file entry-v5.csv (CSV, C-alpha atoms)
chain,number,residue,atom,x,y,z
A,10,MET,CA,1.7,12.5,12.4
A,11,CYS,CA,1.3,11.0,8.9
A,12,GLY,CA,-1.3,11.4,6.3
A,13,ILE,CA,-3.2,8.5,4.9
A,14,VAL,CA,-5.6,8.3,1.9
A,15,GLY,CA,-7.5,5.5,0.3
A,16,LEU,CA,-10.1,5.2,-2.5
A,17,PHE,CA,-12.1,2.1,-3.4
A,18,LEU,CA,-14.1,2.5,-6.6
A,19,LYS,CA,-17.5,0.9,-7.0
A,20,ASP,CA,-18.3,2.6,-10.3
A,21,LYS,CA,-16.2,1.4,-13.2
A,22,ALA,CA,-16.7,4.7,-15.0
A,23,LEU,CA,-14.3,6.3,-12.4
A,24,GLU,CA,-11.5,3.8,-12.9
A,25,PRO,CA,-9.6,5.9,-15.5
A,26,GLN,CA,-9.5,8.7,-12.9
A,27,LEU,CA,-8.2,6.7,-9.9
A,28,GLY,CA,-4.6,7.9,-10.1
A,29,ALA,CA,-5.7,11.5,-10.5
A,30,LEU,CA,-8.2,11.4,-7.7
A,31,LEU,CA,-5.8,9.6,-5.3
A,32,SER,CA,-3.0,12.0,-6.2
A,33,ASP,CA,-5.0,15.0,-5.3
A,34,MET,CA,-6.0,13.4,-2.0
A,35,LEU,CA,-2.4,12.6,-1.1
A,36,ILE,CA,-1.1,16.0,-2.0
A,37,THR,CA,-3.7,17.7,0.3
A,38,MET,CA,-2.1,15.7,3.2
A,39,THR,CA,1.4,17.0,2.5
A,40,ASP,CA,1.7,19.0,5.8
A,41,ARG,CA,1.0,15.8,7.8
A,42,GLY,CA,4.2,14.2,6.5
A,43,PRO,CA,6.6,15.9,4.1
A,44,ASP,CA,9.6,13.6,4.3
A,45,SER,CA,8.5,10.8,2.0
A,46,ALA,CA,5.4,9.5,0.2
A,47,GLY,CA,4.1,6.5,-1.6
A,48,ILE,CA,1.1,5.2,-3.4
A,49,ALA,CA,-0.3,1.8,-4.4
A,50,ILE,CA,-2.6,1.5,-7.5
A,51,TYR,CA,-4.6,-1.7,-8.0
A,52,GLY,CA,-5.6,-2.4,-11.6
A,53,ASP,CA,-7.6,-5.3,-13.1
A,54,ALA,CA,-5.7,-8.5,-13.0
A,55,SER,CA,-5.0,-9.5,-16.6
A,56,GLY,CA,-5.0,-13.2,-17.6
A,57,ASP,CA,-1.9,-15.1,-16.8
A,58,LYS,CA,0.3,-12.0,-16.2
A,59,ALA,CA,1.8,-10.7,-12.9
A,60,LYS,CA,3.7,-7.5,-12.1
A,61,VAL,CA,6.7,-6.7,-9.9
A,62,THR,CA,7.6,-3.2,-9.0
A,63,ILE,CA,11.2,-2.7,-8.2
A,64,GLN,CA,13.3,0.3,-7.0
A,65,SER,CA,16.9,1.2,-7.5
A,66,ALA,CA,19.3,3.9,-6.2
A,67,ALA,CA,21.1,3.6,-9.5
A,68,PRO,CA,18.3,3.1,-12.0
A,69,ASP,CA,20.4,3.9,-15.1
A,70,ALA,CA,22.7,1.0,-14.3
A,71,ASP,CA,20.3,-1.4,-12.9
A,72,PHE,CA,17.5,-1.1,-15.4
A,73,ALA,CA,19.7,-1.0,-18.5
A,74,GLY,CA,19.4,-4.4,-20.3
A,75,LEU,CA,17.3,-5.8,-17.5
A,76,ALA,CA,14.8,-7.5,-19.8
A,77,ALA,CA,17.6,-9.2,-21.7
A,78,ASP,CA,19.3,-10.3,-18.5
A,79,LEU,CA,16.1,-11.8,-17.2
A,80,ALA,CA,15.6,-13.6,-20.4
A,81,LYS,CA,19.2,-15.1,-20.1
A,82,ALA,CA,18.1,-16.3,-16.6
A,83,GLY,CA,15.1,-18.1,-18.2
A,84,LEU,CA,12.5,-15.5,-17.4
A,85,LYS,CA,10.6,-13.7,-20.2
A,86,ALA,CA,9.7,-10.2,-19.1
A,87,ASP,CA,8.7,-6.7,-20.2
A,88,VAL,CA,10.2,-3.9,-18.3
A,89,THR,CA,8.7,-0.4,-18.0
A,90,VAL,CA,10.9,2.2,-16.4
A,91,LYS,CA,9.4,4.9,-14.3
A,92,SER,CA,12.2,7.1,-12.8
A,93,THR,CA,13.8,5.2,-9.9
A,94,HIS,CA,11.2,2.4,-10.2
A,95,ALA,CA,10.5,-0.2,-12.9
A,96,VAL,CA,7.5,-2.4,-13.4
A,97,ILE,CA,8.3,-5.9,-14.6
A,98,SER,CA,5.5,-7.8,-16.4
A,99,ILE,CA,6.0,-11.6,-16.2
A,100,ASP,CA,3.9,-14.8,-16.4
A,101,LYS,CA,2.2,-15.6,-13.1
A,102,SER,CA,4.0,-18.9,-13.0
A,103,ASP,CA,7.4,-17.0,-12.7
A,104,LEU,CA,6.4,-14.9,-9.7
A,105,ALA,CA,7.8,-17.3,-7.2
A,106,ASN,CA,11.2,-17.3,-8.9
A,107,ILE,CA,11.8,-13.6,-9.8
A,108,ARG,CA,13.0,-12.5,-6.3
A,109,SER,CA,15.9,-15.0,-6.3
A,110,ILE,CA,16.8,-14.2,-9.9
A,111,LEU,CA,16.8,-10.4,-9.3
A,112,THR,CA,19.0,-11.0,-6.2
A,113,GLU,CA,21.5,-12.7,-8.4
A,114,ILE,CA,21.5,-10.4,-11.5
A,115,ARG,CA,20.6,-7.1,-9.9
A,116,PRO,CA,21.6,-7.2,-6.2
A,117,GLY,CA,21.1,-3.4,-5.9
A,118,VAL,CA,17.3,-3.4,-6.6
A,119,ARG,CA,14.6,-3.7,-4.0
A,120,ILE,CA,11.1,-5.1,-4.6
A,121,MET,CA,8.4,-2.6,-3.7
A,122,GLY,CA,5.4,-4.9,-4.4
A,123,SER,CA,4.3,-7.8,-6.5
A,124,GLY,CA,1.2,-9.6,-7.6
A,125,GLU,CA,-1.4,-9.7,-10.3
A,126,SER,CA,-2.8,-6.2,-10.0
A,127,VAL,CA,-0.7,-3.9,-7.7
A,128,GLU,CA,2.0,-1.3,-8.6
A,129,ILE,CA,3.7,0.5,-5.7
A,130,PHE,CA,5.7,3.7,-6.0
A,131,LYS,CA,7.4,5.4,-3.1
A,132,GLU,CA,10.3,7.7,-2.6
A,133,VAL,CA,11.8,10.4,-0.3
A,134,GLY,CA,10.2,13.7,-1.1
A,135,LEU,CA,7.0,15.7,-1.2
A,136,PRO,CA,3.8,13.9,-2.4
A,137,LYS,CA,3.5,16.3,-5.4
A,138,ASP,CA,7.0,15.3,-6.6
A,139,VAL,CA,6.5,11.6,-6.0
A,140,VAL,CA,3.2,11.7,-7.9
A,141,GLN,CA,4.8,13.6,-10.8
A,142,ARG,CA,8.0,11.5,-11.2
A,143,PHE,CA,6.0,8.3,-11.5
A,144,GLY,CA,3.1,9.5,-13.6
A,145,VAL,CA,0.6,8.5,-11.1
A,146,ARG,CA,-2.1,10.9,-12.3
A,147,ALA,CA,-2.4,9.0,-15.6
A,148,MET,CA,-2.9,5.6,-13.9
A,149,GLY,CA,-6.3,3.9,-13.8
A,150,GLY,CA,-7.4,1.2,-11.5
A,151,THR,CA,-10.0,-0.2,-9.1
A,152,HIS,CA,-8.7,1.0,-5.8
A,153,GLY,CA,-5.6,2.4,-4.2
A,154,ILE,CA,-4.0,3.7,-1.0
A,155,GLY,CA,-1.4,6.4,-0.3
A,156,HIS,CA,0.7,7.8,2.5
A,157,THR,CA,2.8,10.9,3.3
A,158,ARG,CA,5.2,10.3,6.1
A,159,MET,CA,6.6,12.1,9.1
A,160,ALA,CA,9.2,9.7,10.4
A,161,THR,CA,9.2,8.9,14.1
A,162,GLU,CA,10.3,5.3,14.4
A,163,SER,CA,13.0,4.9,11.8
A,164,ALA,CA,15.1,6.8,9.2
A,165,VAL,CA,13.9,8.7,6.2
A,166,THR,CA,14.6,6.3,3.4
A,167,THR,CA,12.8,4.9,0.3
A,168,LEU,CA,12.4,1.5,2.0
A,169,GLY,CA,11.1,3.2,5.1
A,170,ALA,CA,8.3,5.0,3.2
A,171,HIS,CA,4.8,3.5,3.0
A,172,PRO,CA,3.0,1.5,1.6
A,173,PHE,CA,4.6,-1.7,2.9
A,174,SER,CA,4.0,-4.8,1.0
A,175,THR,CA,4.9,-8.2,2.5
A,176,GLY,CA,2.6,-10.5,0.3
A,177,ALA,CA,1.3,-10.7,-3.2
A,178,ASP,CA,-1.1,-7.9,-3.9
A,179,GLN,CA,-1.1,-6.9,-0.3
A,180,CYS,CA,0.0,-3.5,1.2
A,181,LEU,CA,-0.5,-1.3,4.2
A,182,VAL,CA,-0.3,2.3,5.2
A,183,HIS,CA,-0.1,3.3,8.9
A,184,ASN,CA,-0.5,6.3,11.1
A,185,GLY,CA,0.7,5.7,14.6
A,186,SER,CA,3.3,3.5,16.4
A,187,LEU,CA,3.3,0.0,17.7
A,188,SER,CA,4.8,-0.9,21.0
A,189,ASN,CA,5.1,-4.7,20.6
A,190,HIS,CA,6.5,-4.8,17.1
A,191,ASN,CA,9.9,-6.2,18.1
A,192,ASN,CA,8.3,-9.3,19.7
A,193,LEU,CA,6.0,-9.7,16.8
A,194,ARG,CA,8.9,-9.4,14.3
A,195,ARG,CA,10.8,-12.2,16.1
A,196,GLU,CA,7.7,-14.5,16.0
A,197,LEU,CA,7.1,-13.8,12.3
A,198,VAL,CA,10.8,-14.4,11.4
A,199,ARG,CA,10.5,-17.8,13.1
A,200,GLU,CA,7.5,-18.4,10.9
A,201,GLY,CA,9.6,-17.7,7.8
A,202,MET,CA,8.8,-14.0,7.1
A,203,SER,CA,11.6,-11.7,6.1
A,204,PHE,CA,11.9,-7.9,6.6
A,205,GLU,CA,13.6,-5.1,4.7
A,206,THR,CA,13.5,-2.5,7.4
A,207,GLN,CA,13.2,-1.9,11.2
A,208,ASN,CA,10.0,0.0,10.7
A,209,ASP,CA,7.1,-1.0,12.9
A,210,SER,CA,4.6,-0.6,10.1
A,211,GLU,CA,6.3,-3.3,8.1
A,212,VAL,CA,5.7,-5.7,11.0
A,213,ALA,CA,2.0,-4.8,10.9
A,214,ALA,CA,1.9,-5.6,7.1
A,215,ALA,CA,3.7,-8.9,7.7
A,216,TYR,CA,1.3,-9.8,10.5
A,217,LEU,CA,-1.7,-9.4,8.2
A,218,THR,CA,0.1,-11.3,5.4
A,219,ALA,CA,0.7,-14.2,7.8
A,220,GLU,CA,-2.9,-14.2,9.0
A,221,MET,CA,-4.3,-14.2,5.5
A,222,ALA,CA,-1.9,-17.0,4.6
A,223,ARG,CA,-3.7,-19.0,7.3
A,224,GLY,CA,-6.9,-18.6,5.3
A,225,LYS,CA,-8.4,-15.4,6.8
A,226,ASP,CA,-9.8,-12.7,4.5
A,227,LEU,CA,-8.7,-9.1,5.1
A,228,GLY,CA,-11.6,-8.3,7.4
A,229,GLU,CA,-10.8,-11.3,9.6
A,230,ALA,CA,-7.1,-10.5,9.7
A,231,LEU,CA,-7.8,-6.9,10.7
A,232,THR,CA,-10.1,-8.1,13.5
A,233,GLY,CA,-7.2,-10.3,14.8
A,234,ALA,CA,-4.9,-7.2,14.7
A,235,LEU,CA,-7.1,-5.6,17.4
A,236,ASP,CA,-6.1,-8.3,19.8
A,237,ASP,CA,-2.5,-8.9,18.7
A,238,LEU,CA,-1.1,-5.5,18.0
A,239,ASP,CA,-0.4,-3.0,20.8
A,240,GLY,CA,0.0,0.7,20.3
A,241,PHE,CA,-1.7,3.5,18.5
A,242,PHE,CA,-2.7,2.8,14.9
A,243,THR,CA,-4.9,3.6,12.0
A,244,PHE,CA,-4.4,1.1,9.1
A,245,VAL,CA,-5.6,1.3,5.6
A,246,VAL,CA,-4.9,-1.9,3.7
A,247,GLY,CA,-5.3,-3.1,0.2
A,248,THR,CA,-5.5,-6.6,-1.3
A,249,LYS,CA,-6.1,-7.7,-4.9
A,250,THR,CA,-9.8,-7.1,-4.6
A,251,GLY,CA,-10.3,-5.7,-1.1
A,252,PHE,CA,-9.9,-2.5,0.9
A,253,GLY,CA,-9.9,-2.4,4.7
A,254,VAL,CA,-9.7,0.2,7.5
A,255,VAL,CA,-9.2,-0.3,11.3
A,256,ARG,CA,-8.3,2.0,14.2
A,257,ASP,CA,-7.0,0.9,17.6
A,258,PRO,CA,-9.4,0.9,20.6
A,259,ILE,CA,-8.3,4.4,21.7
A,260,ALA,CA,-8.4,5.9,18.2
A,261,CYS,CA,-6.4,9.0,18.9
A,262,LYS,CA,-5.2,9.3,15.3
A,263,PRO,CA,-7.6,11.3,13.1
A,264,ALA,CA,-9.6,9.6,10.4
A,265,VAL,CA,-12.7,10.2,8.3
A,266,MET,CA,-14.5,8.2,5.7
A,267,ALA,CA,-17.1,8.9,2.9
A,268,GLU,CA,-19.2,6.6,0.9
A,269,THR,CA,-21.4,7.1,-2.2
A,270,ASP,CA,-22.8,4.7,-4.8
A,271,GLN,CA,-19.5,5.4,-6.7
A,272,TYR,CA,-16.8,4.9,-4.1
A,273,VAL,CA,-15.6,4.5,-0.5
A,274,ALA,CA,-12.9,7.0,0.5
A,275,PHE,CA,-10.6,7.4,3.5
A,276,GLY,CA,-8.6,10.4,4.6
A,277,SER,CA,-6.7,11.4,7.7
A,278,GLU,CA,-8.7,14.7,7.5
A,279,TYR,CA,-11.9,15.6,5.7
A,280,ARG,CA,-10.0,18.1,3.5
A,281,ALA,CA,-8.5,15.1,1.6
A,282,LEU,CA,-12.0,14.2,0.4
A,283,VAL,CA,-13.5,17.6,-0.5
A,284,ASN,CA,-12.7,17.4,-4.2
A,285,LEU,CA,-14.1,13.9,-4.8
A,286,PRO,CA,-17.1,13.7,-7.2
A,287,GLY,CA,-20.4,13.8,-5.3
A,288,ILE,CA,-18.8,14.4,-1.9
A,289,GLU,CA,-21.5,16.9,-1.0
A,290,THR,CA,-24.1,14.1,-0.9
A,291,ALA,CA,-21.8,11.4,0.5
A,292,ARG,CA,-22.4,9.6,3.8
A,293,VAL,CA,-19.5,11.0,5.9
A,294,TRP,CA,-18.4,9.5,9.2
A,295,GLU,CA,-15.5,9.0,11.6
A,296,PRO,CA,-14.6,5.3,11.7
A,297,GLU,CA,-15.3,3.9,15.2
A,298,PRO,CA,-12.5,2.7,17.5
A,299,ALA,CA,-11.7,-1.1,17.3
A,300,THR,CA,-14.1,-1.5,14.4
A,301,VAL,CA,-13.1,-3.1,11.1
A,302,TYR,CA,-14.4,-1.7,7.8
A,303,PHE,CA,-14.0,-3.9,4.8
A,304,TRP,CA,-15.0,-3.8,1.2
A,305,ASP,CA,-14.3,-6.4,-1.5
A,306,HIS,CA,-15.0,-6.3,-5.3
A,307,GLU,CA,-15.4,-10.0,-5.5
A,308,LYS,CA,-17.9,-10.2,-2.6
A,309,ALA,CA,-19.8,-7.2,-4.0
A,310,ALA,CA,-20.1,-8.9,-7.4
call {"tool": "encode", "arguments": {"input": "entry-v5.csv", "output": "structure tokens"}}
result
Amino acid sequence: MCGIVGLFLKDKALEPQLGALLSDMLITMTDRGPDSAGIAIYGDASGDKAKVTIQSAAPDADFAGLAADLAKAGLKADVTVKSTHAVISIDKSDLANIRSILTEIRPGVRIMGSGESVEIFKEVGLPKDVVQRFGVRAMGGTHGIGHTRMATESAVTTLGAHPFSTGADQCLVHNGSLSNHNNLRRELVREGMSFETQNDSEVAAAYLTAEMARGKDLGEALTGALDDLDGFFTFVVGTKTGFGVVRDPIACKPAVMAETDQYVAFGSEYRALVNLPGIETARVWEPEPATVYFWDHEKAA
């Protein structure tokens, strides 16, 4: 039993409020999973820049002098520290190299997410504490997803918290459990994917990354998941411009959605949505089993 939230903004006037709105939604779901929490915020991609969010168990040591050490390795970067995480801003052309450089100069850090627009923050602890320590309320953006976890398949760790990100500007949150994740993991490893945890949800994220690498959009990848993933699942997924939802054919995990002219919202329960602006006139529905719901800023433009 975990809590999932998601918010995809149609109205640019709401973008400065994204972090605050999503934080309140996530905190409302605390009793569905109090052991760890995480949130992904998508902002507008800015020119030739990319971002990498990293996490460290020893941030004072790992983040001290990091920008200077990256420069010595030939990579110009700005580093913004947020508690146990830091956001590294680099040229997009350096995105392919930064993982190997970090492995060499800071072997203790872990990459939470990377891309042109996404920042991912997750830690062990209650949603209200996670939100506060990373200053999520002050963040603006176009869309975001969040998760509060009750661990069933793996240990309570920072890496085991959601969202899971296995591709640039891609991440997933999951309520449920997969029964064929070990077989899928082996297949994806043969295809060149790597994994940080034994969590079944990371396999789901990697599956979608692999499918989109083959040329599918998020909606098409989620449709394929209905055939290829076994188990109980509700997924909410983000890409650079997209936001998708799918439930397995049995759909025993709770879910509710709302849509207005200003946004599309998802919550594991309706109470996560009650404080959103205009919710009283929103179209509210329970997403159907084995049905993909998919929105994209670029396709709506």
call {"tool": "closest_residue", "arguments": {"input": "entry-v5.csv", "among": "A:Val198, A:Ala214, A:Asp71, A:Val90", "to": "A:Gly117", "atoms": "only C-alpha atoms"}}
result
A:Asp71
call {"tool": "closest_residue", "arguments": {"input": "entry-v5.csv", "among": "A:His156, A:Leu197, A:Ala222, A:Asp44", "to": "A:Thr243", "atoms": "all atoms listed in the file"}}
result
A:His156
call {"tool": "residues_around", "arguments": {"input": "entry-v5.csv", "residues": "A:Phe241", "least_positions_apart": "4", "cutoff": "7 Å", "atoms": "all atoms listed in the file", "output": "list in words"}}
result
Gly185, Ser186, Leu187 and Asp257 of chain A
call {"tool": "atom_distance", "arguments": {"input": "entry-v5.csv", "atom1": "atom CA of A:Ile97", "atom2": "atom CA of A:Val127"}}
result
11.5 Å
call {"tool": "residues_around", "arguments": {"input": "entry-v5.csv", "residues": "A:Thr248", "least_positions_apart": "3", "cutoff": "9 Å", "atoms": "all atoms listed in the file", "output": "number ranges by chain"}}
result
A: 51, 127, 177-180, 227, 251-253, 305
call {"tool": "residues_around", "arguments": {"input": "entry-v5.csv", "residues": "A:Ile107", "least_positions_apart": "4", "cutoff": "8 Å", "atoms": "only C-alpha atoms", "output": "VMD selection string"}}
result
chain A and resid 84 103 111
call {"tool": "write_last_selection", "arguments": {"input": "entry-v5.csv", "atoms": "C-alpha atoms", "output": "JSON list (two decimals), in the frame of the given file"}}
result
[["chain", "number", "residue", "atom", "x", "y", "z"],
["A", 84, "LEU", "CA", 12.50, -15.50, -17.40],
["A", 103, "ASP", "CA", 7.40, -17.00, -12.70],
["A", 111, "LEU", "CA", 16.80, -10.40, -9.30]]
call {"tool": "atom_distance", "arguments": {"input": "entry-v5.csv", "atom1": "atom CA of A:Ile36", "atom2": "atom CA of A:Pro136"}}
result
5.3 Å
call {"tool": "residues_around", "arguments": {"input": "entry-v5.csv", "residues": "A:Gln271", "least_positions_apart": "3", "cutoff": "10 Å", "atoms": "all atoms listed in the file", "output": "list in words"}}
result
Phe17, Leu18, Lys19, Asp20, Lys21, Ala22, Leu23, Glu268, Ala274, Pro286, Gly287 and Ala291 of chain A
call {"tool": "closest_residue", "arguments": {"input": "entry-v5.csv", "among": "A:Gln64, A:Lys137, A:Asp69, A:Met148", "to": "A:Arg119", "atoms": "only C-alpha atoms"}}
result
A:Gln64
call {"tool": "residues_near_point", "arguments": {"input": "entry-v5.csv", "point": "(-3.5, -12.6, 18.7)", "cutoff": "12 Å", "atoms": "all atoms listed in the file", "output": "PyMOL selection string"}}
result
chain A and resi 189+193+196+216-217+219-220+229-239
call {"tool": "write_last_selection", "arguments": {"input": "entry-v5.csv", "atoms": "C-alpha atoms", "output": "mmCIF file, in the frame of the given file"}}
result
data_model
loop_
_atom_site.group_PDB
_atom_site.id
_atom_site.type_symbol
_atom_site.label_atom_id
_atom_site.label_comp_id
_atom_site.auth_asym_id
_atom_site.auth_seq_id
_atom_site.Cartn_x
_atom_site.Cartn_y
_atom_site.Cartn_z
ATOM 1 C CA ASN A 189 5.100 -4.700 20.600
ATOM 2 C CA LEU A 193 6.000 -9.700 16.800
ATOM 3 C CA GLU A 196 7.700 -14.500 16.000
ATOM 4 C CA TYR A 216 1.300 -9.800 10.500
ATOM 5 C CA LEU A 217 -1.700 -9.400 8.200
ATOM 6 C CA ALA A 219 0.700 -14.200 7.800
ATOM 7 C CA GLU A 220 -2.900 -14.200 9.000
ATOM 8 C CA GLU A 229 -10.800 -11.300 9.600
ATOM 9 C CA ALA A 230 -7.100 -10.500 9.700
ATOM 10 C CA LEU A 231 -7.800 -6.900 10.700
ATOM 11 C CA THR A 232 -10.100 -8.100 13.500
ATOM 12 C CA GLY A 233 -7.200 -10.300 14.800
ATOM 13 C CA ALA A 234 -4.900 -7.200 14.700
ATOM 14 C CA LEU A 235 -7.100 -5.600 17.400
ATOM 15 C CA ASP A 236 -6.100 -8.300 19.800
ATOM 16 C CA ASP A 237 -2.500 -8.900 18.700
ATOM 17 C CA LEU A 238 -1.100 -5.500 18.000
ATOM 18 C CA ASP A 239 -0.400 -3.000 20.800
#
call {"tool": "atom_distance", "arguments": {"input": "entry-v5.csv", "atom1": "atom CA of A:Arg115", "atom2": "atom CA of A:Lys101"}}
result
20.5 Å
call {"tool": "closest_residue", "arguments": {"input": "entry-v5.csv", "among": "A:Ser188, A:Thr300, A:Ser45, A:Thr62", "to": "A:Phe244", "atoms": "only C-alpha atoms"}}
result
A:Thr300
call {"tool": "closest_residue", "arguments": {"input": "entry-v5.csv", "among": "A:Thr206, A:Thr89, A:Ser277, A:Thr157", "to": "A:Phe143", "atoms": "only C-alpha atoms"}}
result
A:Thr89
call {"tool": "decode", "arguments": {"input": "entry-v5.csv", "residues": "stretch 169-188 of chain A", "atoms": "N, CA and C atoms", "output": "compact mmCIF listing (two decimals), in the first residue's frame"}}
result
# COMPACT_ATOMS: atom_id res chain seq x y z
N GLY A 169 15.83 2.77 -2.71
CA GLY A 169 14.60 2.02 -2.88
C GLY A 169 13.35 2.87 -2.93
N ALA A 170 13.49 4.16 -2.60
CA ALA A 170 12.35 5.07 -2.67
C ALA A 170 12.04 5.41 -4.12
N HIS A 171 10.81 5.84 -4.36
CA HIS A 171 10.39 6.28 -5.69
C HIS A 171 10.44 7.81 -5.73
N PRO A 172 10.50 8.41 -6.91
CA PRO A 172 10.45 7.86 -8.26
C PRO A 172 11.76 7.16 -8.66
N PHE A 173 11.61 6.21 -9.60
CA PHE A 173 12.75 5.57 -10.23
C PHE A 173 12.96 6.19 -11.60
N SER A 174 14.21 6.54 -11.87
CA SER A 174 14.56 7.13 -13.16
C SER A 174 15.62 6.28 -13.82
N THR A 175 15.34 5.80 -15.03
CA THR A 175 16.27 4.93 -15.75
C THR A 175 16.60 5.48 -17.13
N GLY A 176 16.14 6.69 -17.42
CA GLY A 176 16.43 7.33 -18.70
C GLY A 176 16.32 8.83 -18.54
N ALA A 177 16.89 9.56 -19.47
CA ALA A 177 16.90 11.02 -19.39
C ALA A 177 15.47 11.56 -19.36
N ASP A 178 15.18 12.37 -18.34
CA ASP A 178 13.86 13.01 -18.18
C ASP A 178 12.72 12.00 -18.08
N GLN A 179 13.03 10.79 -17.63
CA GLN A 179 12.01 9.77 -17.44
C GLN A 179 11.99 9.31 -15.99
N CYS A 180 10.80 9.14 -15.42
CA CYS A 180 10.70 8.55 -14.09
C CYS A 180 9.33 7.94 -13.88
N LEU A 181 9.25 7.07 -12.89
CA LEU A 181 8.04 6.29 -12.64
C LEU A 181 7.82 6.15 -11.14
N VAL A 182 6.54 6.21 -10.74
CA VAL A 182 6.11 5.82 -9.40
C VAL A 182 5.10 4.69 -9.55
N HIS A 183 5.05 3.82 -8.54
CA HIS A 183 4.34 2.55 -8.68
C HIS A 183 3.68 2.19 -7.36
N ASN A 184 2.44 1.77 -7.44
CA ASN A 184 1.76 1.13 -6.32
C ASN A 184 1.39 -0.27 -6.77
N GLY A 185 1.95 -1.27 -6.08
CA GLY A 185 1.66 -2.65 -6.45
C GLY A 185 2.91 -3.50 -6.39
N SER A 186 2.87 -4.64 -7.06
CA SER A 186 4.03 -5.52 -7.13
C SER A 186 3.97 -6.32 -8.43
N LEU A 187 5.15 -6.54 -9.00
CA LEU A 187 5.26 -7.30 -10.24
C LEU A 187 5.73 -8.71 -9.95
N SER A 188 5.21 -9.67 -10.69
CA SER A 188 5.58 -11.07 -10.47
C SER A 188 6.65 -11.56 -11.44
